[in-house]
Each structure stands twice: as structure tokens, then as C-alpha cells.
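Asker: The structure under discussion is supplied below as C-alpha cells; questions concerning it will follow.
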Amino acid sequence: MKKTISHTSEIQSFDSVSELPPQFQDLITKAESALKSSYSPYSGFSVGSALLLKNGEVILGSNQENIAYPSGLCAERVAIFSAGTNFSEEEIETIAIVAKSIHGEVTNPVTPCGACRQVMIEIESSQTNPITVIMHGSSGTVWVSKSVGDLIPFYFSSPHVGRAK
Ligand code: THU
């Protein structure tokens with residue numbers, strides 16, 4: 001029998017950073033501070049991310065490129081893997097993502113790539129609470145998603161892929 005399985009996502013859109021609650025503005029400022037460590041000579045597109053952990057710690061990440069292009073890593077995964085290394089027991093509450101480009105103002109919110117979403121959903125699924133994702137460029141609109149699940153419906157997960165015991 002044919003069935004339709006549907007998913008509805010919601011994103012809150014704000015016209016500018018100043019409309020956000022102060023704690024979200026603060027995390028965006030921290031993500032912006034990560035932009036200066038971005039190594040992005042190939043794309044000219046710098047991305048900064050800031051993770052707020054449950055214990056209040058903030059972990060920064062920036063995109064790190066390489067001449068062998070696929071060897072680089074996005075800002076989000078740099079921060080997430082750093083948190084996994086240094087604060088393995090702490091839940092992630094919020095992630096803020098910002099960007100700047102040598103080609104001009106980034107006025108559209110930067111949404112995480114598919115690979116980062118897949119990494120984020122595995123963490124979210126293992127936590128008690130969902131992760132809030134704040135997406136911004138360098139000016140203008142800010143998007144806020146209340147969970148990673150809204151950004152990656154039908155993600156890969158399988159009971160047939162075993163976890164190491
Ligand atoms: N990038 C990120 O770091 N995060 C994203 O969400 C999108 C893309 C990086 C990868 C590459 O270094 C540059 O931005 C251009 O794609």
C-alpha cells in the first residue's frame with residue numbers, strides 16, 4: 001500500500017541580529033570572532049561557528065581549507081569535533097554560524113552543508129534536548145531553527161550499522 005510520509009520544518013526569520021534575544025546575539029559575536037582564524041584562501045569564504053555547551057562553555061570553529069580541496073573541513077564540524085574531544089560529556093545547546101566573503105557582503109543566512117547536518121543530527125539524537133541552530137551571514141537576515149532534525153529530515157541512520165562495543 002502506498003503511503004506518503006511527510007515532514008514539516010519551521011525556521012524563525014529575523015531581519016537583523018538586533019532583533020534576537022541577547023544570548024543569541026552574544027553567540028553570534030563569538031562566532032564572528034572565529035572568522036579571523038578561518039583558513040580559506042581557495043574559496044575566499046570565511047565561516048565562523050560558536051557552540052554553547054550546557055555547562056556554559058563556548059567552543060569556536062572556523063573553516064579550514066586545503067589545496068587538496070576535500071581535505072578541508074567546515075567551521076561547524078571543526079567546532080563540533082573540538083567539543084567532542086574536549087567536553088565529550090557536555091550536551092550542545094546552541095550553534096551559531098556566520099560568514100564573510102572576499103566577494104562582498106553575505107546577506108543571506110549560511111545554512112550548514114549536508115555533511116555537517118548529518119554530524120549534528122547524530123549528536124542531537126543522543127542528547128536530552130534538541131540543538132538550536134542560528135544561521136547568519138555578515139549582515140541582514142538571521143534564521144533560527146529549534147532543532148537539527150528540522151534541517152535534515154530523513155537523515156541516514158540504521159540499526160544495521162553497529163556501534164563498536
Ligand atoms: N563552509 C563552512 O565552513 N560551513 C558551511 O556551512 C558552508 C561552507 C565552508 C567550506 C569551504 O571552506 C567554504 O565554506 C566554501 O564552501
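We name chains A, B, ... following the order of the C-alpha cells; residues begin at 1 in each chain, and ligands are numbered from 1 as shown.
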Show me a table, sorted first by chain and then by increasing residue number, of the residues of chain A having an atom at most 7 Å from ligand 1, each with its shortest atom pair and the distance in Å to one decimal, counting only C-alpha atoms and all ligand atoms and written as CSV.
Answerer:
residue,atom,partner,partner_atom_place_in_ligand_line,distance
A:Ser40,CA,ligand 1,12 (O),5.6
A:Ser43,CA,ligand 1,15 (C),5.3
A:Phe45,CA,ligand 1,13 (C),5.2
A:Ser46,CA,ligand 1,14 (O),6.2
A:Val47,CA,ligand 1,3 (O),4.9
A:Ser62,CA,ligand 1,3 (O),6.5
A:Asn63,CA,ligand 1,3 (O),4.3
A:Gln64,CA,ligand 1,12 (O),6.1
A:Glu65,CA,ligand 1,12 (O),5.3
A:Gly72,CA,ligand 1,12 (O),6.7
A:Leu73,CA,ligand 1,10 (C),6.4
A:Cys74,CA,ligand 1,3 (O),3.2
A:Ala75,CA,ligand 1,3 (O),4.0
A:Glu76,CA,ligand 1,4 (N),6.0
A:Val110,CA,ligand 1,6 (O),5.9
A:Thr111,CA,ligand 1,6 (O),5.3
A:Pro112,CA,ligand 1,6 (O),3.5
A:Cys113,CA,ligand 1,6 (O),5.0
Asker: Which neighbours of range 22-27 of chain A fall inside 12 Å, counting only C-alpha atoms, when residues of the same chain fewer than 5 positions from it are skipped, and could you give them as a ChimeraX atom specification?
Answerer: /A:14,16-17,32-34,48-53,56-60,93-98,132-136,142-144
Asker: Can you check which residues of range 62-139 of chain A DSSP gives as helix (DSSP H, G or I) on the backbone and send them as a PyMOL selection string?
Answerer: chain A and resi 69-71+75-86+114-126
Asker: What are the DSSP strand (DSSP E or B) residues of range 45-160 of chain A, as a ChimeraX atom specification?
Answerer: /A:45-53,58-62,64,73,92-101,104,132-136,142-145
Asker: For the residues in the current selection, export N, CA, C and O atoms as a short mmCIF file (atom, residue, chain, number, x, y, z; two decimals), in the first residue's frame.
Answerer:
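In the end it all went to part16.cif:
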data_model
loop_
_atom_site.label_atom_id
_atom_site.label_comp_id
_atom_site.auth_asym_id
_atom_site.auth_seq_id
_atom_site.Cartn_x
_atom_site.Cartn_y
_atom_site.Cartn_z
N PHE A 45 35.83 32.45 1.21
CA PHE A 45 34.59 32.46 2.01
C PHE A 45 34.93 31.97 3.41
O PHE A 45 35.26 30.79 3.62
N SER A 46 34.93 32.89 4.37
CA SER A 46 35.27 32.54 5.75
C SER A 46 34.00 32.24 6.53
O SER A 46 33.04 33.01 6.47
N VAL A 47 34.04 31.14 7.26
CA VAL A 47 32.88 30.77 8.09
C VAL A 47 33.35 30.65 9.54
O VAL A 47 34.44 30.12 9.82
N GLY A 48 32.55 31.18 10.45
CA GLY A 48 32.84 31.06 11.88
C GLY A 48 31.66 30.40 12.57
O GLY A 48 30.50 30.61 12.20
N SER A 49 31.97 29.58 13.56
CA SER A 49 30.88 28.96 14.33
C SER A 49 31.21 29.03 15.81
O SER A 49 32.37 29.05 16.21
N ALA A 50 30.17 29.07 16.61
CA ALA A 50 30.32 29.07 18.07
C ALA A 50 29.27 28.14 18.66
O ALA A 50 28.09 28.24 18.33
N LEU A 51 29.74 27.21 19.49
CA LEU A 51 28.84 26.27 20.16
C LEU A 51 28.68 26.66 21.60
O LEU A 51 29.68 26.91 22.28
N LEU A 52 27.46 26.70 22.07
CA LEU A 52 27.23 26.91 23.51
C LEU A 52 26.91 25.55 24.12
O LEU A 52 25.95 24.88 23.70
N LEU A 53 27.75 25.13 25.07
CA LEU A 53 27.53 23.85 25.74
C LEU A 53 26.68 24.05 27.00
O LEU A 53 26.56 25.18 27.50
N VAL A 58 31.89 27.97 25.69
CA VAL A 58 31.67 28.27 24.27
C VAL A 58 32.87 27.75 23.47
O VAL A 58 34.02 28.04 23.81
N ILE A 59 32.60 26.96 22.44
CA ILE A 59 33.66 26.37 21.60
C ILE A 59 33.57 27.01 20.23
O ILE A 59 32.50 27.05 19.62
N LEU A 60 34.70 27.49 19.73
CA LEU A 60 34.73 28.15 18.42
C LEU A 60 35.26 27.22 17.35
O LEU A 60 36.04 26.30 17.61
N GLY A 61 34.84 27.49 16.11
CA GLY A 61 35.38 26.77 14.95
C GLY A 61 35.39 27.69 13.75
O GLY A 61 34.61 28.65 13.68
N SER A 62 36.32 27.43 12.83
CA SER A 62 36.33 28.18 11.57
C SER A 62 36.70 27.21 10.46
O SER A 62 37.32 26.16 10.73
N GLN A 64 38.58 25.36 7.59
CA GLN A 64 39.99 25.11 7.33
C GLN A 64 40.11 24.40 5.99
O GLN A 64 39.71 23.24 5.86
N LEU A 73 37.81 21.23 6.11
CA LEU A 73 36.66 20.97 6.97
C LEU A 73 35.88 22.25 7.24
O LEU A 73 36.47 23.32 7.39
N ILE A 92 25.32 19.86 23.61
CA ILE A 92 25.37 21.12 22.85
C ILE A 92 23.98 21.74 22.89
O ILE A 92 22.99 21.10 22.55
N GLU A 93 23.92 22.99 23.32
CA GLU A 93 22.62 23.68 23.40
C GLU A 93 22.32 24.45 22.12
O GLU A 93 21.22 24.42 21.59
N THR A 94 23.33 25.19 21.65
CA THR A 94 23.11 26.11 20.53
C THR A 94 24.36 26.17 19.66
O THR A 94 25.47 26.08 20.17
N ILE A 95 24.16 26.34 18.37
CA ILE A 95 25.29 26.61 17.47
C ILE A 95 24.96 27.84 16.63
O ILE A 95 23.85 27.95 16.10
N ALA A 96 25.90 28.78 16.58
CA ALA A 96 25.73 29.96 15.72
C ALA A 96 26.73 29.87 14.57
O ALA A 96 27.89 29.48 14.77
N ILE A 97 26.28 30.24 13.38
CA ILE A 97 27.11 30.17 12.18
C ILE A 97 27.06 31.53 11.48
O ILE A 97 25.97 32.08 11.26
N VAL A 98 28.23 32.06 11.14
CA VAL A 98 28.31 33.34 10.42
C VAL A 98 29.34 33.21 9.30
O VAL A 98 30.11 32.25 9.28
N ALA A 99 29.36 34.18 8.39
CA ALA A 99 30.32 34.10 7.28
C ALA A 99 30.68 35.47 6.77
O ALA A 99 29.94 36.44 6.97
N LYS A 100 31.83 35.53 6.12
CA LYS A 100 32.16 36.74 5.36
C LYS A 100 32.88 36.30 4.09
O LYS A 100 33.50 35.24 4.05
N SER A 101 32.77 37.12 3.06
CA SER A 101 33.32 36.73 1.77
C SER A 101 34.15 37.85 1.18
O SER A 101 33.83 39.03 1.36
N GLY A 104 32.14 40.16 -1.23
CA GLY A 104 31.13 41.13 -0.80
C GLY A 104 30.32 40.65 0.37
O GLY A 104 30.52 39.53 0.87
N THR A 132 19.62 24.20 19.09
CA THR A 132 19.15 25.38 18.35
C THR A 132 20.25 25.80 17.38
O THR A 132 21.42 25.88 17.76
N VAL A 133 19.88 26.03 16.12
CA VAL A 133 20.86 26.43 15.11
C VAL A 133 20.56 27.86 14.65
O VAL A 133 19.47 28.14 14.13
N ILE A 134 21.53 28.75 14.87
CA ILE A 134 21.38 30.16 14.47
C ILE A 134 22.22 30.39 13.23
O ILE A 134 23.44 30.15 13.24
N MET A 135 21.60 30.84 12.16
CA MET A 135 22.29 30.97 10.87
C MET A 135 22.27 32.43 10.40
O MET A 135 21.22 33.04 10.31
N HIS A 136 23.46 32.92 10.09
CA HIS A 136 23.60 34.32 9.70
C HIS A 136 24.70 34.41 8.65
O HIS A 136 25.48 33.47 8.46
N VAL A 142 18.67 36.78 9.89
CA VAL A 142 19.12 35.68 10.74
C VAL A 142 18.01 34.63 10.77
O VAL A 142 16.85 34.97 10.96
N TRP A 143 18.40 33.38 10.58
CA TRP A 143 17.44 32.29 10.71
C TRP A 143 17.74 31.51 11.98
O TRP A 143 18.92 31.29 12.32
N VAL A 144 16.68 31.07 12.65
CA VAL A 144 16.85 30.25 13.84
C VAL A 144 15.99 28.99 13.68
O VAL A 144 14.78 29.08 13.45
N SER A 145 16.65 27.84 13.78
CA SER A 145 15.94 26.57 13.76
C SER A 145 16.02 25.97 15.16
O SER A 145 17.08 25.97 15.78
#
Asker: From the set A:Thr29, A:Ser138, A:Ser157, A:Gln12, which residue has the shortest atom-to-atom contact distance to Gln118 in chain A, counting only C-alpha atoms?
Answerer: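 Of A:Thr29, A:Ser138, A:Ser157, A:Gln12, the one nearest Gln118 in chain A, counting only C-alpha atoms, is A:Ser157.
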Asker: May I ask for the distance between CA of Pro70 in chain A and CA of Arg117 in chain A, given in Å to one decimal place?
Answerer: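 Between these atoms lies a distance of 17.0 Å.
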Asker: Taking into account only C-alpha atoms, which residue in the set A:Glu105, A:Glu19, A:Glu10, A:Glu90 is nearest to Ser139 in chain A?
Answerer: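 Checking each candidate against Ser139 in chain A, we get A:Glu105 as the closest.
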Asker: Between A:Val78, A:Met120, A:Ala164, A:Ile67, single out the one closest to Asp150 in chain A, counting only C-alpha atoms.
Answerer: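 The shortest atom-to-atom distance to Asp150 in chain A comes from A:Met120.
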Asker: Show me, as a PyMOL selection string, the residues that have an atom within 12 Å of Glu89 in chain A when counting only C-alpha atoms, minus same-chain residues fewer than 4 positions from it.
Answerer: chain A and resi 53-55+83-85+123+126-127
Asker: Pull N, CA and C atoms from the residues just selected and write them as a short mmCIF file (atom, residue, chain, number, x, y, z; two decimals), in the first residue's frame.
Answerer:
data_model
loop_
_atom_site.label_atom_id
_atom_site.label_comp_id
_atom_site.auth_asym_id
_atom_site.auth_seq_id
_atom_site.Cartn_x
_atom_site.Cartn_y
_atom_site.Cartn_z
N LEU A 53 27.75 25.13 25.07
CA LEU A 53 27.53 23.85 25.74
C LEU A 53 26.68 24.05 27.00
N LYS A 54 26.13 22.95 27.49
CA LYS A 54 25.24 23.03 28.66
C LYS A 54 25.94 23.61 29.89
N ASN A 55 27.25 23.38 30.00
CA ASN A 55 28.00 23.90 31.16
C ASN A 55 28.39 25.37 30.99
N ALA A 83 34.55 20.11 20.49
CA ALA A 83 33.72 19.90 21.69
C ALA A 83 33.71 18.42 22.06
N GLY A 84 33.62 17.55 21.04
CA GLY A 84 33.63 16.10 21.30
C GLY A 84 34.94 15.65 21.93
N THR A 85 36.02 16.34 21.56
CA THR A 85 37.33 15.98 22.10
C THR A 85 37.51 16.52 23.52
N ILE A 123 24.55 13.83 16.99
CA ILE A 123 24.74 14.36 18.35
C ILE A 123 23.39 14.72 18.96
N SER A 126 21.46 11.88 20.35
CA SER A 126 21.98 11.25 21.56
C SER A 126 21.77 12.13 22.80
N GLN A 127 21.28 13.35 22.59
CA GLN A 127 21.10 14.29 23.71
C GLN A 127 19.68 14.26 24.25
#
Asker: Just how far from CA of Cys116 in chain A is CA of Ser38 in chain A, in Å to one decimal?
Answerer: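 Going from CA of Ser38 in chain A over to CA of Cys116 in chain A, I get 16.8 Å.
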